[in-house]
file input-v1.cif (mmCIF, N, CA and C atoms)
data_data
#
loop_
_atom_site.label_atom_id
_atom_site.label_comp_id
_atom_site.auth_asym_id
_atom_site.auth_seq_id
_atom_site.Cartn_x
_atom_site.Cartn_y
_atom_site.Cartn_z
N ALA A 1 -25.40 -21.60 9.76
CA ALA A 1 -25.44 -20.37 10.53
C ALA A 1 -25.46 -19.19 9.57
N THR A 2 -26.21 -18.18 9.90
CA THR A 2 -26.27 -16.99 9.06
C THR A 2 -25.37 -15.91 9.63
N CYS A 3 -24.75 -15.18 8.73
CA CYS A 3 -23.88 -14.07 9.13
C CYS A 3 -24.69 -12.79 9.05
N LYS A 4 -24.60 -11.99 10.07
CA LYS A 4 -25.31 -10.72 10.08
C LYS A 4 -24.42 -9.63 9.52
N ARG A 5 -25.04 -8.63 8.90
CA ARG A 5 -24.31 -7.48 8.40
C ARG A 5 -23.91 -6.59 9.56
N PRO A 6 -22.69 -6.06 9.55
CA PRO A 6 -22.29 -5.15 10.63
C PRO A 6 -23.07 -3.85 10.57
N ILE A 7 -23.23 -3.22 11.71
CA ILE A 7 -23.89 -1.91 11.78
C ILE A 7 -22.79 -0.85 11.81
N MET A 8 -22.85 0.09 10.87
CA MET A 8 -21.85 1.15 10.77
C MET A 8 -22.10 2.18 11.86
N ALA A 9 -21.11 3.04 12.10
CA ALA A 9 -21.23 4.11 13.10
C ALA A 9 -22.43 5.01 12.80
N SER A 10 -22.76 5.15 11.52
CA SER A 10 -23.89 5.99 11.12
C SER A 10 -25.23 5.33 11.39
N GLY A 11 -25.22 4.06 11.81
CA GLY A 11 -26.46 3.31 12.05
C GLY A 11 -26.91 2.51 10.85
N GLU A 12 -26.25 2.71 9.70
CA GLU A 12 -26.61 1.98 8.49
C GLU A 12 -25.98 0.60 8.52
N GLN A 13 -26.58 -0.34 7.78
CA GLN A 13 -26.00 -1.66 7.67
C GLN A 13 -24.78 -1.60 6.78
N GLY A 14 -23.72 -2.30 7.17
CA GLY A 14 -22.51 -2.36 6.37
C GLY A 14 -22.64 -3.42 5.29
N PRO A 15 -21.56 -3.66 4.56
CA PRO A 15 -21.61 -4.67 3.51
C PRO A 15 -21.79 -6.06 4.09
N SER A 16 -22.40 -6.93 3.32
CA SER A 16 -22.58 -8.30 3.79
C SER A 16 -21.22 -8.97 3.87
N PRO A 17 -21.04 -9.88 4.83
CA PRO A 17 -19.76 -10.56 4.96
C PRO A 17 -19.37 -11.24 3.66
N GLY A 18 -18.12 -11.10 3.30
CA GLY A 18 -17.64 -11.73 2.08
C GLY A 18 -17.76 -10.86 0.85
N SER A 19 -18.52 -9.78 0.92
CA SER A 19 -18.63 -8.91 -0.26
C SER A 19 -17.45 -7.95 -0.28
N ILE A 20 -17.09 -7.53 -1.47
CA ILE A 20 -15.98 -6.60 -1.62
C ILE A 20 -16.56 -5.23 -1.95
N THR A 21 -16.21 -4.27 -1.10
CA THR A 21 -16.68 -2.92 -1.33
C THR A 21 -15.67 -2.18 -2.20
N ALA A 22 -16.11 -1.07 -2.77
CA ALA A 22 -15.23 -0.26 -3.61
C ALA A 22 -14.02 0.23 -2.83
N ILE A 23 -14.20 0.55 -1.58
CA ILE A 23 -13.08 1.04 -0.77
C ILE A 23 -12.06 -0.08 -0.52
N GLN A 24 -12.54 -1.33 -0.41
CA GLN A 24 -11.62 -2.46 -0.25
C GLN A 24 -10.80 -2.67 -1.53
N VAL A 25 -11.43 -2.49 -2.67
CA VAL A 25 -10.71 -2.60 -3.94
C VAL A 25 -9.67 -1.49 -4.01
N LEU A 26 -10.06 -0.27 -3.65
CA LEU A 26 -9.11 0.85 -3.63
C LEU A 26 -7.93 0.52 -2.72
N ALA A 27 -8.19 -0.10 -1.58
CA ALA A 27 -7.14 -0.42 -0.61
C ALA A 27 -6.08 -1.35 -1.19
N SER A 28 -6.44 -2.16 -2.16
CA SER A 28 -5.46 -3.08 -2.73
C SER A 28 -4.55 -2.40 -3.76
N TYR A 29 -4.87 -1.17 -4.15
CA TYR A 29 -4.08 -0.49 -5.18
C TYR A 29 -3.51 0.86 -4.74
N ALA A 30 -4.01 1.44 -3.69
CA ALA A 30 -3.65 2.81 -3.34
C ALA A 30 -2.90 2.89 -2.01
N PRO A 31 -2.12 3.96 -1.83
CA PRO A 31 -1.43 4.14 -0.54
C PRO A 31 -2.42 4.22 0.61
N ALA A 32 -1.99 3.74 1.77
CA ALA A 32 -2.86 3.67 2.95
C ALA A 32 -3.45 5.03 3.32
N GLU A 33 -2.66 6.10 3.23
CA GLU A 33 -3.16 7.41 3.62
C GLU A 33 -4.37 7.83 2.78
N LEU A 34 -4.33 7.57 1.49
CA LEU A 34 -5.46 7.88 0.61
C LEU A 34 -6.68 7.04 0.98
N VAL A 35 -6.46 5.76 1.19
CA VAL A 35 -7.57 4.86 1.53
C VAL A 35 -8.21 5.28 2.85
N LEU A 36 -7.39 5.55 3.85
CA LEU A 36 -7.92 5.93 5.16
C LEU A 36 -8.69 7.24 5.10
N ARG A 37 -8.20 8.19 4.29
CA ARG A 37 -8.92 9.47 4.15
C ARG A 37 -10.31 9.25 3.56
N HIS A 38 -10.41 8.42 2.53
CA HIS A 38 -11.71 8.17 1.91
C HIS A 38 -12.59 7.24 2.74
N ALA A 39 -11.97 6.30 3.46
CA ALA A 39 -12.74 5.38 4.30
C ALA A 39 -13.36 6.11 5.49
N ALA A 40 -12.77 7.23 5.89
CA ALA A 40 -13.29 7.99 7.03
C ALA A 40 -14.52 8.82 6.67
N ASP A 41 -14.81 8.96 5.39
CA ASP A 41 -16.00 9.71 4.98
C ASP A 41 -17.27 9.01 5.47
N ARG A 42 -18.32 9.78 5.59
CA ARG A 42 -19.59 9.21 6.06
C ARG A 42 -20.07 8.09 5.13
N HIS A 43 -19.90 8.28 3.84
CA HIS A 43 -20.24 7.24 2.85
C HIS A 43 -18.95 6.92 2.10
N PRO A 44 -18.16 5.99 2.64
CA PRO A 44 -16.85 5.71 2.04
C PRO A 44 -16.97 5.31 0.57
N ALA A 45 -16.12 5.91 -0.23
CA ALA A 45 -16.07 5.61 -1.66
C ALA A 45 -14.71 6.03 -2.18
N PRO A 46 -14.25 5.39 -3.23
CA PRO A 46 -12.99 5.81 -3.83
C PRO A 46 -13.13 7.22 -4.41
N PRO A 47 -12.02 7.87 -4.72
CA PRO A 47 -12.09 9.20 -5.31
C PRO A 47 -12.87 9.15 -6.62
N SER A 48 -13.64 10.19 -6.88
CA SER A 48 -14.41 10.24 -8.12
C SER A 48 -13.66 11.00 -9.21
N ALA A 49 -12.55 11.65 -8.85
CA ALA A 49 -11.74 12.38 -9.81
C ALA A 49 -10.28 12.28 -9.37
N PRO A 50 -9.36 12.50 -10.30
CA PRO A 50 -7.94 12.46 -9.91
C PRO A 50 -7.65 13.51 -8.84
N GLU A 51 -6.72 13.19 -7.97
CA GLU A 51 -6.32 14.10 -6.91
C GLU A 51 -4.82 14.30 -6.96
N ARG A 52 -4.38 15.41 -6.43
CA ARG A 52 -2.97 15.70 -6.28
C ARG A 52 -2.74 16.22 -4.88
N GLU A 53 -1.69 15.74 -4.25
CA GLU A 53 -1.38 16.20 -2.90
C GLU A 53 0.09 16.59 -2.85
N ASP A 54 0.35 17.81 -2.44
CA ASP A 54 1.73 18.28 -2.25
C ASP A 54 2.11 18.06 -0.80
N PHE A 55 3.29 17.52 -0.56
CA PHE A 55 3.76 17.31 0.81
C PHE A 55 5.27 17.19 0.80
N GLU A 56 5.86 17.47 1.93
CA GLU A 56 7.28 17.24 2.14
C GLU A 56 7.44 15.80 2.60
N GLY A 57 8.49 15.14 2.19
CA GLY A 57 8.71 13.77 2.61
C GLY A 57 9.98 13.20 2.04
N ALA A 58 10.13 11.92 2.22
CA ALA A 58 11.28 11.18 1.69
C ALA A 58 10.77 9.94 0.97
N VAL A 59 11.45 9.59 -0.10
CA VAL A 59 11.08 8.41 -0.88
C VAL A 59 12.26 7.44 -0.85
N GLY A 60 11.96 6.17 -0.67
CA GLY A 60 13.00 5.15 -0.68
C GLY A 60 12.65 4.04 -1.66
N PHE A 61 13.67 3.51 -2.30
CA PHE A 61 13.51 2.37 -3.19
C PHE A 61 14.26 1.21 -2.56
N VAL A 62 13.55 0.12 -2.28
CA VAL A 62 14.14 -1.04 -1.59
C VAL A 62 14.11 -2.23 -2.55
N ASP A 63 15.26 -2.80 -2.78
CA ASP A 63 15.38 -3.94 -3.68
C ASP A 63 16.02 -5.09 -2.92
N VAL A 64 15.54 -6.30 -3.15
CA VAL A 64 16.09 -7.48 -2.48
C VAL A 64 17.39 -7.86 -3.17
N SER A 65 18.48 -7.73 -2.44
CA SER A 65 19.80 -8.08 -2.97
C SER A 65 19.92 -9.60 -3.08
N GLY A 66 20.43 -10.08 -4.21
CA GLY A 66 20.67 -11.51 -4.37
C GLY A 66 19.44 -12.31 -4.77
N PHE A 67 18.37 -11.64 -5.19
CA PHE A 67 17.13 -12.33 -5.52
C PHE A 67 17.34 -13.34 -6.66
N THR A 68 18.02 -12.92 -7.72
CA THR A 68 18.22 -13.80 -8.87
C THR A 68 19.07 -15.01 -8.49
N ALA A 69 20.14 -14.76 -7.74
CA ALA A 69 21.00 -15.87 -7.31
C ALA A 69 20.24 -16.84 -6.42
N LEU A 70 19.42 -16.32 -5.51
CA LEU A 70 18.61 -17.18 -4.64
C LEU A 70 17.63 -18.00 -5.47
N SER A 71 17.00 -17.35 -6.44
CA SER A 71 16.05 -18.04 -7.31
C SER A 71 16.72 -19.20 -8.05
N GLU A 72 17.88 -18.93 -8.61
CA GLU A 72 18.60 -19.97 -9.36
C GLU A 72 19.05 -21.10 -8.44
N ARG A 73 19.51 -20.76 -7.25
CA ARG A 73 19.98 -21.77 -6.29
C ARG A 73 18.83 -22.68 -5.84
N LEU A 74 17.69 -22.08 -5.53
CA LEU A 74 16.53 -22.87 -5.10
C LEU A 74 16.04 -23.77 -6.22
N GLN A 75 16.08 -23.27 -7.45
CA GLN A 75 15.66 -24.08 -8.60
C GLN A 75 16.60 -25.28 -8.76
N LYS A 76 17.89 -25.03 -8.60
CA LYS A 76 18.89 -26.10 -8.72
C LYS A 76 18.73 -27.13 -7.61
N ASP A 77 18.54 -26.66 -6.38
CA ASP A 77 18.48 -27.56 -5.23
C ASP A 77 17.14 -28.29 -5.09
N PHE A 78 16.04 -27.64 -5.49
CA PHE A 78 14.71 -28.21 -5.22
C PHE A 78 13.86 -28.43 -6.47
N GLY A 79 14.38 -28.14 -7.62
CA GLY A 79 13.60 -28.32 -8.85
C GLY A 79 12.38 -27.42 -8.85
N ASN A 80 11.25 -27.99 -9.26
CA ASN A 80 10.01 -27.20 -9.34
C ASN A 80 9.56 -26.67 -7.98
N LYS A 81 9.92 -27.37 -6.92
CA LYS A 81 9.56 -26.92 -5.56
C LYS A 81 10.35 -25.65 -5.18
N GLY A 82 11.43 -25.38 -5.90
CA GLY A 82 12.24 -24.20 -5.62
C GLY A 82 11.46 -22.90 -5.77
N SER A 83 10.58 -22.84 -6.76
CA SER A 83 9.79 -21.62 -6.95
C SER A 83 8.79 -21.43 -5.81
N GLU A 84 8.27 -22.54 -5.27
CA GLU A 84 7.38 -22.44 -4.11
C GLU A 84 8.14 -21.93 -2.89
N LYS A 85 9.35 -22.44 -2.70
CA LYS A 85 10.18 -21.98 -1.57
C LYS A 85 10.53 -20.51 -1.75
N LEU A 86 10.88 -20.11 -2.97
CA LEU A 86 11.21 -18.71 -3.24
C LEU A 86 10.01 -17.81 -2.91
N ASN A 87 8.83 -18.24 -3.30
CA ASN A 87 7.61 -17.48 -3.03
C ASN A 87 7.40 -17.34 -1.52
N GLN A 88 7.61 -18.41 -0.78
CA GLN A 88 7.48 -18.36 0.68
C GLN A 88 8.50 -17.41 1.29
N TYR A 89 9.74 -17.50 0.83
CA TYR A 89 10.81 -16.64 1.37
C TYR A 89 10.53 -15.17 1.09
N ILE A 90 10.18 -14.88 -0.16
CA ILE A 90 10.00 -13.47 -0.53
C ILE A 90 8.76 -12.89 0.15
N ASN A 91 7.69 -13.68 0.27
CA ASN A 91 6.50 -13.21 0.96
C ASN A 91 6.79 -12.93 2.43
N SER A 92 7.53 -13.80 3.07
CA SER A 92 7.89 -13.61 4.47
C SER A 92 8.76 -12.36 4.63
N TYR A 93 9.75 -12.22 3.76
CA TYR A 93 10.66 -11.07 3.82
C TYR A 93 9.90 -9.76 3.59
N LEU A 94 9.09 -9.72 2.53
CA LEU A 94 8.37 -8.47 2.21
C LEU A 94 7.34 -8.14 3.29
N THR A 95 6.71 -9.14 3.88
CA THR A 95 5.76 -8.89 4.96
C THR A 95 6.47 -8.20 6.13
N ARG A 96 7.62 -8.71 6.51
CA ARG A 96 8.37 -8.11 7.62
C ARG A 96 8.84 -6.70 7.25
N LEU A 97 9.28 -6.53 6.02
CA LEU A 97 9.74 -5.23 5.56
C LEU A 97 8.60 -4.21 5.56
N ILE A 98 7.46 -4.60 5.04
CA ILE A 98 6.29 -3.71 5.00
C ILE A 98 5.82 -3.37 6.40
N ASP A 99 5.81 -4.35 7.29
CA ASP A 99 5.43 -4.09 8.68
C ASP A 99 6.37 -3.05 9.30
N GLY A 100 7.67 -3.17 9.03
CA GLY A 100 8.64 -2.21 9.55
C GLY A 100 8.44 -0.82 8.98
N VAL A 101 8.19 -0.74 7.69
CA VAL A 101 7.93 0.55 7.04
C VAL A 101 6.70 1.19 7.66
N SER A 102 5.63 0.43 7.82
CA SER A 102 4.39 0.95 8.41
C SER A 102 4.61 1.39 9.85
N HIS A 103 5.35 0.59 10.61
CA HIS A 103 5.63 0.91 12.01
C HIS A 103 6.34 2.26 12.14
N HIS A 104 7.14 2.60 11.14
CA HIS A 104 7.89 3.85 11.17
C HIS A 104 7.24 4.95 10.33
N GLY A 105 5.93 4.81 10.08
CA GLY A 105 5.17 5.88 9.43
C GLY A 105 5.29 5.94 7.92
N GLY A 106 5.84 4.90 7.30
CA GLY A 106 5.97 4.89 5.85
C GLY A 106 4.78 4.23 5.17
N ASP A 107 4.73 4.39 3.88
CA ASP A 107 3.65 3.83 3.08
C ASP A 107 4.23 3.28 1.79
N VAL A 108 4.00 2.00 1.51
CA VAL A 108 4.45 1.40 0.26
C VAL A 108 3.56 1.92 -0.84
N ILE A 109 4.16 2.55 -1.85
CA ILE A 109 3.36 3.12 -2.93
C ILE A 109 3.48 2.33 -4.22
N LYS A 110 4.46 1.42 -4.29
CA LYS A 110 4.60 0.64 -5.52
C LYS A 110 5.39 -0.63 -5.25
N PHE A 111 4.96 -1.72 -5.88
CA PHE A 111 5.69 -2.98 -5.89
C PHE A 111 6.22 -3.19 -7.30
N ALA A 112 7.41 -3.72 -7.41
CA ALA A 112 7.97 -4.06 -8.71
C ALA A 112 8.81 -5.32 -8.52
N GLY A 113 8.17 -6.47 -8.65
CA GLY A 113 8.88 -7.74 -8.46
C GLY A 113 9.36 -7.89 -7.04
N ASP A 114 10.68 -7.86 -6.85
CA ASP A 114 11.26 -8.01 -5.52
C ASP A 114 11.64 -6.64 -4.92
N ALA A 115 11.06 -5.59 -5.44
CA ALA A 115 11.40 -4.23 -4.98
C ALA A 115 10.15 -3.48 -4.51
N LEU A 116 10.39 -2.50 -3.64
CA LEU A 116 9.32 -1.65 -3.13
C LEU A 116 9.72 -0.19 -3.30
N GLN A 117 8.75 0.66 -3.54
CA GLN A 117 8.96 2.09 -3.45
C GLN A 117 8.14 2.57 -2.26
N VAL A 118 8.79 3.31 -1.37
CA VAL A 118 8.19 3.69 -0.10
C VAL A 118 8.26 5.21 0.05
N VAL A 119 7.24 5.78 0.68
CA VAL A 119 7.25 7.21 0.96
C VAL A 119 6.98 7.43 2.45
N TRP A 120 7.72 8.36 3.02
CA TRP A 120 7.48 8.82 4.38
C TRP A 120 7.09 10.28 4.25
N ARG A 121 5.87 10.61 4.68
CA ARG A 121 5.36 11.98 4.57
C ARG A 121 5.68 12.78 5.83
N GLU A 122 5.98 14.05 5.63
CA GLU A 122 6.14 14.97 6.75
C GLU A 122 4.74 15.16 7.35
N ARG A 123 4.57 14.84 8.61
CA ARG A 123 3.25 14.89 9.23
C ARG A 123 2.90 16.25 9.81
N GLY A 124 3.88 17.12 9.99
CA GLY A 124 3.63 18.39 10.67
C GLY A 124 2.87 19.41 9.85
N GLY A 125 3.23 19.61 8.60
CA GLY A 125 2.62 20.69 7.84
C GLY A 125 2.20 20.29 6.45
N ARG A 126 1.02 19.72 6.35
CA ARG A 126 0.48 19.36 5.04
C ARG A 126 0.21 20.61 4.24
N THR A 127 0.53 20.59 2.97
CA THR A 127 0.27 21.73 2.13
C THR A 127 -1.07 21.64 1.43
N GLY A 128 -1.74 20.53 1.52
CA GLY A 128 -3.11 20.45 1.02
C GLY A 128 -3.33 19.43 -0.06
N THR A 129 -4.59 19.04 -0.16
CA THR A 129 -5.04 18.12 -1.18
C THR A 129 -6.04 18.86 -2.05
N ARG A 130 -5.94 18.66 -3.35
CA ARG A 130 -6.89 19.32 -4.25
C ARG A 130 -7.05 18.46 -5.49
N GLY A 131 -8.08 18.75 -6.22
CA GLY A 131 -8.29 18.04 -7.47
C GLY A 131 -7.24 18.44 -8.48
N VAL A 132 -6.91 17.55 -9.39
CA VAL A 132 -5.95 17.85 -10.44
C VAL A 132 -6.50 18.99 -11.28
N GLY A 133 -5.65 19.96 -11.57
CA GLY A 133 -6.07 21.10 -12.37
C GLY A 133 -6.45 22.30 -11.55
N GLU A 134 -6.71 22.12 -10.24
CA GLU A 134 -7.03 23.25 -9.39
C GLU A 134 -5.73 23.95 -9.04
N SER A 135 -5.78 25.27 -8.92
CA SER A 135 -4.57 26.00 -8.56
C SER A 135 -4.30 25.82 -7.08
N GLY A 136 -3.02 25.85 -6.74
CA GLY A 136 -2.63 25.69 -5.34
C GLY A 136 -2.20 27.01 -4.76
N GLY A 137 -3.12 27.84 -4.35
CA GLY A 137 -2.82 29.18 -3.90
C GLY A 137 -2.30 29.26 -2.48
N GLY A 138 -2.06 28.13 -1.82
CA GLY A 138 -1.62 28.18 -0.43
C GLY A 138 -0.12 28.35 -0.32
N SER A 139 0.34 28.61 0.89
CA SER A 139 1.78 28.69 1.12
C SER A 139 2.32 27.31 1.37
N GLY A 140 3.62 27.19 1.44
CA GLY A 140 4.20 25.90 1.79
C GLY A 140 4.92 25.24 0.65
N GLY A 141 5.04 25.96 -0.47
CA GLY A 141 5.83 25.40 -1.56
C GLY A 141 5.12 24.29 -2.26
N GLY A 142 5.76 23.78 -3.27
CA GLY A 142 5.16 22.71 -4.04
C GLY A 142 6.06 21.50 -4.08
N SER A 143 5.76 20.63 -5.00
CA SER A 143 6.58 19.43 -5.14
C SER A 143 7.34 19.49 -6.45
N ASN A 144 8.06 20.59 -6.66
CA ASN A 144 8.78 20.77 -7.91
C ASN A 144 10.19 20.21 -7.88
N GLY A 145 10.52 19.52 -6.81
CA GLY A 145 11.82 18.90 -6.70
C GLY A 145 12.86 19.82 -6.09
N GLY A 146 12.52 21.08 -5.87
CA GLY A 146 13.46 22.01 -5.26
C GLY A 146 13.52 21.81 -3.77
N GLY A 147 14.46 22.42 -3.11
CA GLY A 147 14.55 22.16 -1.70
C GLY A 147 14.72 23.39 -0.97
#

call {"tool": "encode", "arguments": {"input": "input-v1.cif", "output": "structure tokens"}}
result
Amino acid sequence: ATCKRPIMASGEQGPSPGSITAIQVLASYAPAELVLRHAADRHPAPPSAPEREDFEGAVGFVDVSGFTALSERLQKDFGNKGSEKLNQYINSYLTRLIDGVSHHGGDVIKFAGDALQVVWRERGGRTGTRGVGESGGGSGGGSNGGG
């Protein structure tokens, strides 16, 4: 059976099934808000230059408590199979955690082993997106850490 290419909203043919587009590669490394902004363009593509976005929000660092102890216990109880069990447990846990963060408007911006860094952006008043090096002449303060 042959797979047909999807037709985009613009009427153009989309990528062939199974191919990886630049925006899909971006999606595996960048926060969802950035990916969605670029994917919504008429010709989706990753950013061509560095960008900076100032916004109000909250950042959280989530670490799995007891990860090392669990790892050692599974290794002791199951030998080499312990690492497979640990992988299953941590993947299941992180999937549920990420789903919860997304459900509540958060975005995972970094993974570090058994830890996540998450940001929740203030949705009411964006202060703007601009290229790095451009001056930010708008109102709304910056991200200088002040409050």

call {"tool": "residues_around", "arguments": {"input": "input-v1.cif", "residues": "Ile23 (chain A)", "least_positions_apart": "2", "cutoff": "8 Å", "atoms": "only N, CA and C atoms", "output": "PyMOL selection string"}}
result
chain A and resi 20-21+25-28+35+38-39+44-47

call {"tool": "closest_residue", "arguments": {"input": "input-v1.cif", "among": "A:Ala30, A:Ala40, A:Ala58, A:Ile90", "to": "Val119 (chain A)", "atoms": "all atoms listed in the file"}}
result
A:Ala58

call {"tool": "atom_distance", "arguments": {"input": "input-v1.cif", "atom1": "atom C of Val118 (chain A)", "atom2": "atom N of Val59 (chain A)"}}
result
5.4 Å

call {"tool": "residues_around", "arguments": {"input": "input-v1.cif", "residues": "region 100-114 of chain A", "least_positions_apart": "5", "cutoff": "8 Å", "atoms": "only C-alpha atoms", "output": "JSON list (two decimals) with N, CA and C atoms, in the frame of the given file"}}
result
[["chain", "number", "residue", "atom", "x", "y", "z"],
["A", 30, "ALA", "N", -4.01, 1.44, -3.69],
["A", 30, "ALA", "CA", -3.65, 2.81, -3.34],
["A", 30, "ALA", "C", -2.90, 2.89, -2.01],
["A", 31, "PRO", "N", -2.12, 3.96, -1.83],
["A", 31, "PRO", "CA", -1.43, 4.14, -0.54],
["A", 31, "PRO", "C", -2.42, 4.22, 0.61],
["A", 32, "ALA", "N", -1.99, 3.74, 1.77],
["A", 32, "ALA", "CA", -2.86, 3.67, 2.95],
["A", 32, "ALA", "C", -3.45, 5.03, 3.32],
["A", 33, "GLU", "N", -2.66, 6.10, 3.23],
["A", 33, "GLU", "CA", -3.16, 7.41, 3.62],
["A", 33, "GLU", "C", -4.37, 7.83, 2.78],
["A", 63, "ASP", "N", 15.26, -2.80, -2.78],
["A", 63, "ASP", "CA", 15.38, -3.94, -3.68],
["A", 63, "ASP", "C", 16.02, -5.09, -2.92],
["A", 64, "VAL", "N", 15.54, -6.30, -3.15],
["A", 64, "VAL", "CA", 16.09, -7.48, -2.48],
["A", 64, "VAL", "C", 17.39, -7.86, -3.17],
["A", 67, "PHE", "N", 18.37, -11.64, -5.19],
["A", 67, "PHE", "CA", 17.13, -12.33, -5.52],
["A", 67, "PHE", "C", 17.34, -13.34, -6.66],
["A", 90, "ILE", "N", 10.18, -14.88, -0.16],
["A", 90, "ILE", "CA", 10.00, -13.47, -0.53],
["A", 90, "ILE", "C", 8.76, -12.89, 0.15],
["A", 119, "VAL", "N", 7.24, 5.78, 0.68],
["A", 119, "VAL", "CA", 7.25, 7.21, 0.96],
["A", 119, "VAL", "C", 6.98, 7.43, 2.45],
["A", 120, "TRP", "N", 7.72, 8.36, 3.02],
["A", 120, "TRP", "CA", 7.48, 8.82, 4.38],
["A", 120, "TRP", "C", 7.09, 10.28, 4.25],
["A", 121, "ARG", "N", 5.87, 10.61, 4.68],
["A", 121, "ARG", "CA", 5.36, 11.98, 4.57],
["A", 121, "ARG", "C", 5.68, 12.78, 5.83]]

call {"tool": "axis_aligned_box", "arguments": {"input": "input-v1.cif", "around": "region 70-85 of chain A", "padding_each_side": "4 Å", "output": "AutoDock Vina command-line options"}}
result
--center_x 13.7 --center_y -22.4 --center_z -5.5 --size_x 20.6 --size_y 20.1 --size_z 15.8

call {"tool": "residues_around", "arguments": {"input": "input-v1.cif", "residues": "Glu122 (chain A)", "least_positions_apart": "5", "cutoff": "9 Å", "atoms": "only C-alpha atoms", "output": "short mmCIF file (atom, residue, chain, number, x, y, z; two decimals) with N, CA and C atoms, keeping the file's coordinate frame"}}
result
data_model
loop_
_atom_site.label_atom_id
_atom_site.label_comp_id
_atom_site.auth_asym_id
_atom_site.auth_seq_id
_atom_site.Cartn_x
_atom_site.Cartn_y
_atom_site.Cartn_z
N PHE A 55 3.29 17.52 -0.56
CA PHE A 55 3.76 17.31 0.81
C PHE A 55 5.27 17.19 0.80
N GLU A 56 5.86 17.47 1.93
CA GLU A 56 7.28 17.24 2.14
C GLU A 56 7.44 15.80 2.60
N GLY A 57 8.49 15.14 2.19
CA GLY A 57 8.71 13.77 2.61
C GLY A 57 9.98 13.20 2.04
N ALA A 58 10.13 11.92 2.22
CA ALA A 58 11.28 11.18 1.69
C ALA A 58 10.77 9.94 0.97
#

call {"tool": "closest_atom_pairs", "arguments": {"input": "input-v1.cif", "of": "region 80-125 of chain A", "to": "region 71-76 of chain A", "cutoff": "6 Å", "atoms": "all atoms listed in the file", "output": "tab-separated table"}}
result
residue	atom	partner	partner_atom	distance
A:Asn80	N	A:Gln75	CA	5.9
A:Gly82	CA	A:Leu74	C	3.9
A:Ser83	N	A:Gln75	CA	5.5

call {"tool": "atom_distance", "arguments": {"input": "input-v1.cif", "atom1": "atom C of Val62 (chain A)", "atom2": "CA of Gln117 (chain A)"}}
result
6.8 Å

call {"tool": "atom_distance", "arguments": {"input": "input-v1.cif", "atom1": "atom N of Lys85 (chain A)", "atom2": "atom C of Leu70 (chain A)"}}
result
9.8 Å

call {"tool": "select_by_dssp", "arguments": {"input": "input-v1.cif", "residues": "region 4-97 of chain A", "states": "strand (DSSP E or B)", "output": "ChimeraX atom specification"}}
result
/A:7,13,51-53,57-63

call {"tool": "select_by_dssp", "arguments": {"input": "input-v1.cif", "residues": "region 32-96 of chain A", "states": "alpha helix (DSSP H)", "output": "JSON, numbers by chain"}}
result
{"A": [32, 33, 34, 35, 36, 37, 38, 39, 67, 68, 69, 70, 71, 72, 73, 74, 75, 76, 77, 78, 81, 82, 83, 84, 85, 86, 87, 88, 89, 90, 91, 92, 93, 94, 95, 96]}

call {"tool": "closest_residue", "arguments": {"input": "input-v1.cif", "among": "A:Asp54, A:Ala22, A:Ala115, A:Phe61", "to": "Leu94 (chain A)", "atoms": "only C-alpha atoms"}}
result
A:Ala115
